[in-house]
Amino acid sequence: MFRFFSKVWSNFREYIVLVIVVLLSLIILSQNQNLQVQKVRAIAFGSFASVSSIISDLFSTTDLKRENRELRETNAKLMLMLSKLRKYGITNDELRNLVQFKDTTAFPLIPASIVSKSLSFVQNSITLNAGSKDSVLAGMPVLNDEGLIGIIQSTAEEFSIAKTLHNVDLKLAVMDERSRINGILKWTGEELIMMNIPSTYDIEAGDRIVTSDISSIVAFPIPVGIVEEFKPDASGVFSYIKIKPFVDLATIDNLFILAVVKSKQVEDLELNFYRQ
C-alpha cells in the first residue's frame, strides 16, 4: 500500500500540491470577511460551480450515450427474438393446418419441407427434403392445405425438385369448378393464365379453378386458384383469363407430395411435359 501511494505521489506530485493549495485558498477565502475578498470568493465559487456543472453534464452525457447504446443493443436482441418467435408461430400454424389436412384426406401424402427456392421470372422451382427413399416419383403433385403448388420434376435418394405453377415449362389441364369448362394453365413469365378458352364460354371473375379430370398428371380436382380477370383477347375469339393462385410460394416452408402418379403411357400423350 505504501509503495502504491509513493508511486502516486512521485507521478502526480505537482497536481496533488496544486489541488491542496487551491483547497487551502478556498478555505481561507471562505473565512475572510473583507468586502473585496467576499467579491473574489463569490466569483471563485461561481466559476467553480460553473466548471462543476459542465463536468457533471459531460459525465451525464457520456452515461446517457452508454445507456442509449445498451438500450439499442437490447432492442435489437429483442427484435431478433421476436422475429424468431413469430417464425416459430407461423411455422406452428402451418404445420397444424397440414396435420389437420392430412387427417381429413384418404389420399397418400408424403410430408416434406422446402430446402431451397429458385425463384426466377420464368422457371420457378423448389427443392424438397424428400426423395426416392420416401417413395417420391416424378410426376407427383405437390400441394398443401390451400391448393396445388407444382409437380415433381426429378428425384434423388433424399431430395427432389418440383416445378411450381410459376414455371413456363409447366402446363396443366384445369377447369372452372362452376361451369366445368376445361383449359390449359400456363405461366407467361408475368401472369398465370388459362389458354384456349373461347370468349363465348361461361367463365366469370371469382370462379374457382381446379385441376381437370382429363389431366394425365392430376386426374382429380385440386384447387389451383380463382379467376382474377376475364375479358376477350385482342382477336376477340378467345378469352384472356388471369388466375390468382391460392398458394403464395413465398410464404410456405412445409407441404405434401401426393403419392399418386398416372400411367407413363398416358402421361406421354398429354400436352404437359413436366420433364421438358
# chains A, B, ... in the order shown; residues from 1 in each chain; ligands from 1
$ residues_around --residues "range 187-204 of chain A" --least-positions-apart "3" --cutoff "6 Å" --atoms "only C-alpha atoms" --output "PyMOL selection string"
chain A and resi 121-122+166-168+183-184+207+232+237-239+241-243
$ residues_around --residues "Ile226 in chain A" --least-positions-apart "4" --cutoff "9 Å" --atoms "only C-alpha atoms" --output "PyMOL selection string"
chain A and resi 176+205-210+242-246
$ write_last_selection --atoms "N, CA and C atoms" --output "short mmCIF file (atom, residue, chain, number, x, y, z; two decimals), in the first residue's frame"
data_model
loop_
_atom_site.label_atom_id
_atom_site.label_comp_id
_atom_site.auth_asym_id
_atom_site.auth_seq_id
_atom_site.Cartn_x
_atom_site.Cartn_y
_atom_site.Cartn_z
N ASP A 176 -62.88 -24.85 -64.83
CA ASP A 176 -63.69 -23.98 -64.00
C ASP A 176 -64.62 -24.87 -63.17
N ALA A 205 -65.28 -13.81 -63.40
CA ALA A 205 -64.31 -13.44 -62.37
C ALA A 205 -64.80 -13.95 -61.01
N GLY A 206 -63.87 -14.54 -60.25
CA GLY A 206 -64.23 -15.11 -58.95
C GLY A 206 -64.46 -16.61 -58.98
N ASP A 207 -64.56 -17.22 -60.19
CA ASP A 207 -64.73 -18.67 -60.30
C ASP A 207 -63.49 -19.39 -59.77
N ARG A 208 -63.73 -20.52 -59.12
CA ARG A 208 -62.62 -21.36 -58.64
C ARG A 208 -62.11 -22.22 -59.79
N ILE A 209 -60.78 -22.30 -59.90
CA ILE A 209 -60.13 -23.14 -60.89
C ILE A 209 -59.48 -24.32 -60.18
N VAL A 210 -59.76 -25.53 -60.68
CA VAL A 210 -59.17 -26.74 -60.10
C VAL A 210 -58.54 -27.56 -61.22
N LYS A 242 -56.99 -14.39 -66.41
CA LYS A 242 -55.89 -14.30 -65.44
C LYS A 242 -56.29 -15.02 -64.15
N ILE A 243 -55.40 -15.89 -63.68
CA ILE A 243 -55.67 -16.70 -62.50
C ILE A 243 -54.78 -16.25 -61.33
N LYS A 244 -55.40 -16.09 -60.18
CA LYS A 244 -54.64 -15.80 -58.95
C LYS A 244 -54.53 -17.10 -58.16
N PRO A 245 -53.32 -17.68 -58.01
CA PRO A 245 -53.19 -18.97 -57.30
C PRO A 245 -53.53 -18.85 -55.83
N PHE A 246 -54.04 -19.95 -55.28
CA PHE A 246 -54.37 -19.96 -53.85
C PHE A 246 -53.12 -19.94 -52.98
#
$ select_by_dssp --residues "range 145-182 of chain A" --states "strand (DSSP E)" --output "PyMOL selection string"
chain A and resi 148-155+160-167+171-176+182
$ select_by_dssp --residues "range 118-271 of chain A" --states "alpha helix (DSSP H)" --output "list of chain:residue names"
A:Lys264, A:Gln265, A:Val266, A:Glu267, A:Asp268, A:Leu269
$ write_last_selection --atoms "N, CA and C atoms" --output "JSON list (two decimals), in the first residue's frame"
[["chain", "number", "residue", "atom", "x", "y", "z"],
["A", 264, "LYS", "N", -47.47, -43.91, -67.35],
["A", 264, "LYS", "CA", -46.49, -43.20, -68.16],
["A", 264, "LYS", "C", -46.91, -43.13, -69.63],
["A", 265, "GLN", "N", -47.61, -44.14, -70.11],
["A", 265, "GLN", "CA", -48.04, -44.12, -71.50],
["A", 265, "GLN", "C", -49.05, -43.00, -71.74],
["A", 266, "VAL", "N", -49.99, -42.88, -70.81],
["A", 266, "VAL", "CA", -50.97, -41.80, -70.93],
["A", 266, "VAL", "C", -50.29, -40.46, -70.74],
["A", 267, "GLU", "N", -49.36, -40.43, -69.82],
["A", 267, "GLU", "CA", -48.66, -39.19, -69.49],
["A", 267, "GLU", "C", -47.92, -38.64, -70.70],
["A", 268, "ASP", "N", -47.33, -39.53, -71.51],
["A", 268, "ASP", "CA", -46.57, -39.09, -72.68],
["A", 268, "ASP", "C", -47.45, -38.46, -73.75],
["A", 269, "LEU", "N", -48.74, -38.74, -73.72],
["A", 269, "LEU", "CA", -49.66, -38.18, -74.70],
["A", 269, "LEU", "C", -50.19, -36.81, -74.28]]
$ residues_around --residues "Ala156 in chain A" --least-positions-apart "2" --cutoff "7 Å" --atoms "only C-alpha atoms" --output "JSON, numbers by chain"
{"A": [131, 132, 158, 159, 160]}
$ write_last_selection --atoms "C-alpha atoms" --output "short mmCIF file (atom, residue, chain, number, x, y, z; two decimals), in the first residue's frame"
data_model
loop_
_atom_site.label_atom_id
_atom_site.label_comp_id
_atom_site.auth_asym_id
_atom_site.auth_seq_id
_atom_site.Cartn_x
_atom_site.Cartn_y
_atom_site.Cartn_z
CA GLY A 131 -36.74 -38.26 -52.40
CA SER A 132 -36.83 -41.75 -53.84
CA GLU A 158 -33.06 -37.92 -50.31
CA PHE A 159 -34.20 -34.87 -52.30
CA SER A 160 -36.49 -33.94 -55.16
#
$ residues_around --residues "Ala173 in chain A" --least-positions-apart "5" --cutoff "7 Å" --atoms "only C-alpha atoms" --output "list in words"
Asn182, Gly183, Ile184, Leu185, Thr211, Ser212 and Ser215 of chain A
$ closest_residue --among "A:Ile126, A:Ala112, A:Met81, A:Ile20" --to "Leu249 in chain A" --atoms "only C-alpha atoms"
A:Ile126
$ residues_around --residues "Ile161 in chain A" --least-positions-apart "2" --cutoff "9 Å" --atoms "only C-alpha atoms" --output "VMD selection string"
chain A and resid 125 to 128 131 138 151 to 156 159 163
$ atom_distance --atom1 "CA of Ile114 in chain A" --atom2 "CA of Leu255 in chain A"
7.8 Å
$ atom_distance --atom1 "CA of Lys133 in chain A" --atom2 "CA of Ile222 in chain A"
25.5 Å
$ closest_residue --among "A:Ser6, A:Thr164, A:Ser25, A:Ser113" --to "Asp253 in chain A" --atoms "only C-alpha atoms"
A:Ser113
$ atom_distance --atom1 "CA of Ser216 in chain A" --atom2 "CA of Arg178 in chain A"
21.4 Å
$ decode --residues "range 232-251 of chain A" --atoms "C-alpha atoms" --output "PDB file, in the first residue's frame"
ATOM      1  CA  PRO A 232     -61.792 -11.137 -74.643  1.00  0.00           C
ATOM      2  CA  ASP A 233     -58.276 -11.033 -76.069  1.00  0.00           C
ATOM      3  CA  ALA A 234     -57.159  -8.787 -78.947  1.00  0.00           C
ATOM      4  CA  SER A 235     -58.589 -11.154 -81.572  1.00  0.00           C
ATOM      5  CA  GLY A 236     -61.983 -11.314 -79.881  1.00  0.00           C
ATOM      6  CA  VAL A 237     -62.114 -15.085 -80.467  1.00  0.00           C
ATOM      7  CA  PHE A 238     -60.501 -16.304 -77.259  1.00  0.00           C
ATOM      8  CA  SER A 239     -60.604 -15.018 -73.724  1.00  0.00           C
ATOM      9  CA  TYR A 240     -57.856 -13.552 -71.585  1.00  0.00           C
ATOM     10  CA  ILE A 241     -58.266 -15.298 -68.239  1.00  0.00           C
ATOM     11  CA  LYS A 242     -55.888 -14.301 -65.442  1.00  0.00           C
ATOM     12  CA  ILE A 243     -55.666 -16.704 -62.498  1.00  0.00           C
ATOM     13  CA  LYS A 244     -54.643 -15.803 -58.949  1.00  0.00           C
ATOM     14  CA  PRO A 245     -53.189 -18.967 -57.304  1.00  0.00           C
ATOM     15  CA  PHE A 246     -54.372 -19.963 -53.855  1.00  0.00           C
ATOM     16  CA  VAL A 247     -50.841 -20.731 -52.629  1.00  0.00           C
ATOM     17  CA  ASP A 248     -48.297 -17.963 -52.152  1.00  0.00           C
ATOM     18  CA  LEU A 249     -44.988 -19.749 -52.672  1.00  0.00           C
ATOM     19  CA  ALA A 250     -43.025 -17.033 -50.870  1.00  0.00           C
ATOM     20  CA  THR A 251     -44.777 -17.766 -47.552  1.00  0.00           C
TER      21      THR A 251
END
